[in-house]
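Notes follow once the structure below has been shown.
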Amino acid sequence: MHAFARLCRILIGLLASSLLLCSPVLAQTNPHDGWISTLALPGSAVISDARKPTQIVLADGDAKVVQLAARDLAADLELVTGRHVHISSPSAIKSTSLILVGTLGKSPLLDQLVTAGKLDIGNLRGAWESFVIASVAAPMPGVDNAVVIVGSDARGTAFGIYELSQAIGVSPWHWWADVAPEKKDALYLAAGTRRFGPPSVKYRGIFINDEDWGLHVWAANNFEPEHKGIGPKTYAKVFELLLRLKANTLWPAMHAVSPPFNQLAANAALANDYGIVMGSSHAEPMLRNNVGEWKAAPESYNYVSNADGVRAYWEERLRSNGGYENIYTLGMRGIHDSKMQGPKTDTERRQVLETIFSDQRRLLNKYVNADINQVPQVFCAYKEVLPLYRQGLRVPDDVTIIWPDDNFAYVRSFATAEESKRAGGFGVYYHLSYLGAPLSYLWLGTTPPALIWEEMSKSYDNGARNIWIANVGDLKPAEIGTEFFLQMAWDMQRWPLAQLPSYLQTWATREFGAAQSAEIAAIMAEYYQLNYQRKPEHLQWWLPKESPRPSALSPDEITQRLAAFTQLQSRVGIVGKQLHADQQDAFFELVAYPVQASALANLRYFETERGNRAAAINADQQLQAINAHWNGPLAGGKWRGIMAAEPADDQWKSMRISKWQPPATDTMTAASATPATPPTSTTIALEAEQFQHQRAAAAMRWEMIPGLGRTGAGSMALFPTTASSIPLALAASAAPRLDYAFTLDDATSADSYQFSAYLIPTHALSGTVLELAISIDDGAPQLVQLDVKDGSADWAQAVLNATRIVSAPVGTLAAGKHQLHVYGIRPGIVVDKIVLHQGKLSSGYLGPVNISRN
């Protein structure tokens, strides 16, 4: 059976399985199971029913973000129940259906309930961004039970309020993706207390970036033309979304097309109202937007020749914004994602950066806090800056170091044991969208949740726990990956490895209901795998400035790939017909468009490669039609201008694929679709998860990461990722081992066999080498190593192909039964497929299919 069909069957089975029901305080797939009901049960509190109107009660002195969240809860309740909800202060209580919300120390009413022993908050006081949602009996005379939401701080309270909104059925994406909640006549909170927080990662947020083709166009021409781009109206919606996702940090849009965030003072004041911590990207120290705010000559943005001018530029921003809650990016790069001007050598660059750190911190002392240790500061070691850090750049100990990924979702660096002692800790800057070399991906959100899980859990386990920022591009359509990233940042226990396959079904159930959730989840699982094999933005196989060349897919692989996408389109159409009218817009945005657009992009490209002019043009016309729907009648015209199919134009040609052109003539022939010659009987192809036996070691084990990989049901990785390496000499007895049985049918052993492993293109946890060990039968383990060569031409092809291949000779093998042993000796390596072969690997992009004989 072909790999994609096998995967589909396996994942449908996994995703259709029952979800685990756990205590809301523990790891769970649905944190609201069991505590919201449409029936009044003993001890439950009324959220909303027909007997009396509901009042949301909060103290006048509580934070603005609490007031804003309460306003949204009132609107959400009306959306679900159809009944208006009043918001009042404690002195104006009129109804006995009460939702009491407030922050400890800011709400006298809730503080009194705590003092009287009616509200058990446990260790909530003083915690970071934590909250309790409880049904409280007899909170005041005449009230049997009330819903109480109390936060340890203002954001904690807001998160609690939005948690209740989610619990009653309002998706965090109800505005951003037009997700319609199910209507309900009555809502009750079950008896008991539920505590949430503190978050796993202290600062959690997104970076709106490369907004030229979507979010800016939509804001400037549709949503808020009065600000000629992304302004306070758009940012208010972004801030609300962040709170609904329990995020607290934003790096704002910074391309030249967008008005600089702080150019309009209302933006920063609005962020303060919403309790959002503002930061700035790796290239924008001290909250400055250089492409829009540096008005002097570009060459004068130089700390060697113009330190006074640059320092005054930073000082001006601190003078205006230092009173807000911010995270300050330290250091200096070029005006827009380029190297720092001035110093000529790496030694000089390190010296200048260390001077800059000192000068910036003096400004922070002056304008933000005399105690520099109380000022959140980050240093993002992005692109050319990471080598400077590795060469010995001294970063102040209280500053958080943000490790970057390689722009393609593979984290480049992890803290050593010595580095982990730093007071400032570590974070991660992660890409779900990217404009840059070797090729950009700006269009569809195709990073598999399983890859996000593998990279971010590895980063967390290795100490990156202070700040996580995801580059989400235009935000749409990256909703699924964005939310999964932020869910992990909020609660690392929510998605343990065993529950990872449940994420997509849990998401689909919330957005579209249970009836179609298993099929939607299975569709999206295959969508992620097909697009992980090759992103729709990377279907051009040559890089800019190279001569055009055909893809690496064999004719048979092309036929199978197009058939898989066509089948996905058909399944999307069937599901769409089963959904209600008010679900159609959300289904189009979150499922139908990404699936159809990626399918049509593949049909357009590969039918062009096959010379099938009519089919290629037809696919292109369909793609233009669904884009026109996005930018036209969808949601009553709400999203006009938001979606541009890649490639959108001829800008940034050095890092984007060329505009698609149809074949000049129809040259399709039967021969071009002829299946490739299958591998010979001396080729053994195995998915990494197809082992017969495994052996765990005392300190390390192999585990499958479901849904990660180009083929099969998943990939095999070593856990825990913090484990020490095992010396090769001890591998036979002490290393975790996977055993693969295979049979050679003939004795053609004159040619030596090669072992090849298809690896997920991760970076090493330390150094630059990925390694494992192998043996055949009773042979001694031999080392297999791959130097990652970060940033090299090999790396470029690895991230585009979503694989690295490492090979090693294993010698001659006789006919008969054998066993291949794969030893894990160093965590960080993730194995997708294993092949034993004579001579070169068979032609094709995905490698030999499974033809093993056990």
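Scheme for the structure tokens: letters A, B, ... for chains in order shown; per-chain residue numbers from 1; ligand numbers from 1 in order shown.
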
- Neighbour list for Thr509 (chain A) as a list in words, cut-off 9 Å, only C-alpha atoms, skip fewer than 6 positions in-chain: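 Final neighbour list, sorted by chain and number: Ala515, Gln516, Ser517, Ala518, Ile520 and Ala521 of chain A.
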
Selection: 8 Å around Val66 (chain A), only C-alpha atoms, excl. self and same-chain fewer than 5 positions, as a tab-separated table (two decimals) with N, CA and C atoms, in the first residue's frame:
```
chain	number	residue	atom	x	y	z
A	102	GLY	N	-12.92	39.49	38.87
A	102	GLY	CA	-12.04	40.49	39.45
A	102	GLY	C	-10.67	39.95	39.75
A	154	ALA	N	-4.08	41.14	36.59
A	154	ALA	CA	-5.09	41.58	35.64
A	154	ALA	C	-5.17	40.66	34.42
A	155	ARG	N	-4.01	40.24	33.88
A	155	ARG	CA	-4.07	39.34	32.73
A	155	ARG	C	-4.65	37.99	33.13
A	157	THR	N	-6.94	37.46	35.30
A	157	THR	CA	-8.40	37.63	35.32
A	157	THR	C	-8.96	37.62	33.90
A	158	ALA	N	-8.32	38.35	33.00
A	158	ALA	CA	-8.79	38.38	31.61
A	158	ALA	C	-8.74	36.99	30.99
```

Report as a tab-separated table (two decimals) with N, CA, C and O atoms, in the first residue's frame all protein, DNA and RNA residues lying within 9 Å of His32 (chain A), evaluated on only C-alpha atoms, omitting residues in the same chain fewer than 6 positions from it.
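See part.tsv below for the written result:
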```tsv
chain	number	residue	atom	x	y	z
A	24	PRO	N	-9.53	19.22	35.11
A	24	PRO	CA	-9.10	20.42	34.42
A	24	PRO	C	-7.73	20.92	34.84
A	24	PRO	O	-7.12	21.71	34.14
A	163	GLU	N	-11.49	32.22	29.14
A	163	GLU	CA	-11.61	30.77	29.31
A	163	GLU	C	-13.08	30.38	29.43
A	163	GLU	O	-13.52	29.36	28.86
A	164	LEU	N	-13.85	31.16	30.16
A	164	LEU	CA	-15.28	30.87	30.27
A	164	LEU	C	-15.96	31.03	28.92
A	164	LEU	O	-16.84	30.23	28.56
A	166	GLN	N	-14.64	30.40	26.02
A	166	GLN	CA	-14.36	29.18	25.28
A	166	GLN	C	-15.19	28.02	25.80
A	166	GLN	O	-15.67	27.18	25.04
A	167	ALA	N	-15.36	27.96	27.11
A	167	ALA	CA	-16.09	26.84	27.71
A	167	ALA	C	-17.55	26.81	27.26
A	167	ALA	O	-18.13	25.73	27.11
A	168	ILE	N	-18.13	27.96	27.00
A	168	ILE	CA	-19.53	27.99	26.57
A	168	ILE	C	-19.66	27.79	25.07
A	168	ILE	O	-20.78	27.75	24.54
```

- Non-local contacts of region 401-415 of chain A (6 Å; only C-alpha atoms; under 5 positions in same chain excluded) as a list in words: Val378, Phe379, Cys380, Ala381, Tyr382, Ser420, Phe426, Gly427, Val428, Tyr429, Tyr430, His431, Thr762, His763 and Leu765 of chain A

Written selection (C-alpha atoms) as a tab-separated table (two decimals), in the first residue's frame:
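That gives us again-v4.tsv:
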```
chain	number	residue	atom	x	y	z
A	378	VAL	CA	15.94	40.05	25.32
A	379	PHE	CA	18.78	39.45	22.93
A	380	CYS	CA	17.72	37.59	19.79
A	381	ALA	CA	20.68	35.71	18.29
A	382	TYR	CA	19.22	35.75	14.79
A	420	SER	CA	21.46	27.16	31.68
A	426	PHE	CA	16.19	31.56	27.24
A	427	GLY	CA	13.45	31.78	24.66
A	428	VAL	CA	12.69	30.86	21.05
A	429	TYR	CA	11.88	32.86	17.93
A	430	TYR	CA	10.00	30.47	15.62
A	431	HIS	CA	8.73	30.77	12.05
A	762	THR	CA	16.69	19.13	12.74
A	763	HIS	CA	19.77	20.80	14.18
A	765	LEU	CA	21.35	19.78	20.36
```

- Interatomic distance (Å, one decimal) between CA of Ala586 (chain A) and CA of Gly707 (chain A): 24.1 Å

- Message: Give me, as a list of chain:residue names, all polymer residues having an atom no more than 9 Å from Ala735 (chain A), counting only C-alpha atoms and skipping those fewer than 5 positions away in the same chain.
- Response: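 With the cut-off at 9 Å, the set is A:Arg695, A:Ala696, A:Ala697, A:Ala698, A:Ala699, A:Met700, A:Arg701, A:Ile726, A:Pro727, A:Leu728, A:Leu730, A:Tyr823, A:Gly824, A:Ile825.
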
- Write down as a PyMOL selection string the residues of region 92-219 of chain A whose backbone DSSP state falls under strand (DSSP E or B). chain A and resi 97-103+131-140+143-151+187-189+192-196+203-208

- Task: Going by DSSP on the backbone, which bits of region 549-753 of chain A are helix (DSSP H, G or I)? Write them as a PyMOL selection string, please.
- Result: chain A and resi 555-578+581-609+613-630+634-637+653-655+670-673+728-734

Residues of region 188-263 of chain A at most 10 Å from region 330-346 of chain A: nearest atom pair and distance in Å, only C-alpha atoms, as a tab-separated table:
```
residue	atom	partner	partner_atom	distance
A:Met254	CA	A:His336	CA	9.1
A:His255	CA	A:His336	CA	8.4
A:Ala256	CA	A:His336	CA	9.4
```

C-alpha atoms of the current selection, written as a PDB file, in the first residue's frame:
```
ATOM      1  CA  MET A 254       7.310  46.504  10.736  1.00  0.00           C
ATOM      2  CA  HIS A 255       7.598  46.424   6.949  1.00  0.00           C
ATOM      3  CA  ALA A 256       7.843  49.699   5.076  1.00  0.00           C
TER       4      ALA A 256
END
```

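For the pair CA of Arg561 (chain A) and CA of His837 (chain A), the interatomic distance is 24.5 Å.
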
- Message: Residues within 9 Å of Val150 (chain A), please, as a PyMOL selection string. Count only C-alpha atoms; anything in the same chain fewer than 2 positions from it doesn't count.
- Response: chain A and resi 100-104+107+110+121+130-134+148+152-153+156-157+160-161

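Residues surrounding Pro448 (chain A) within 8 Å are A:Leu451, A:Ile452, A:Gly481, A:Tyr528, A:Gln529, A:Tyr532, A:Gly707, A:Leu708 [only C-alpha atoms; sequence separation below 3 positions excluded].
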
With C-alpha atoms retained, write the just-selected residues as a PDB file, in the first residue's frame.
```
ATOM      1  CA  LEU A 451       6.878  19.432  13.972  1.00  0.00           C
ATOM      2  CA  ILE A 452       5.972  22.372  16.218  1.00  0.00           C
ATOM      3  CA  GLY A 481      -0.272  26.325  13.906  1.00  0.00           C
ATOM      4  CA  TYR A 528      -0.013  18.631   6.583  1.00  0.00           C
ATOM      5  CA  GLN A 529       1.869  15.542   5.439  1.00  0.00           C
ATOM      6  CA  TYR A 532       5.412  18.823   4.474  1.00  0.00           C
ATOM      7  CA  GLY A 707       2.165  12.884  12.183  1.00  0.00           C
ATOM      8  CA  LEU A 708       5.777  13.971  11.693  1.00  0.00           C
TER       9      LEU A 708
END
```

Near region 390-394 of chain A, 9 Å: region 351-384 of chain A residue rows, closest pairs, only C-alpha atoms, as CSV:
```
residue,atom,partner,partner_atom,distance
A:Gln351,CA,A:Leu393,CA,8.0
A:Leu353,CA,A:Leu393,CA,8.0
A:Glu354,CA,A:Arg394,CA,6.6
```

- Among the residues A:Ala815, A:Ile626, A:Ile93, A:Ile230, the one that comes closest to Trp218 (chain A) [using only C-alpha atoms]: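 Among A:Ala815, A:Ile626, A:Ile93, A:Ile230, it is A:Ile230 that comes nearest to Trp218 (chain A).
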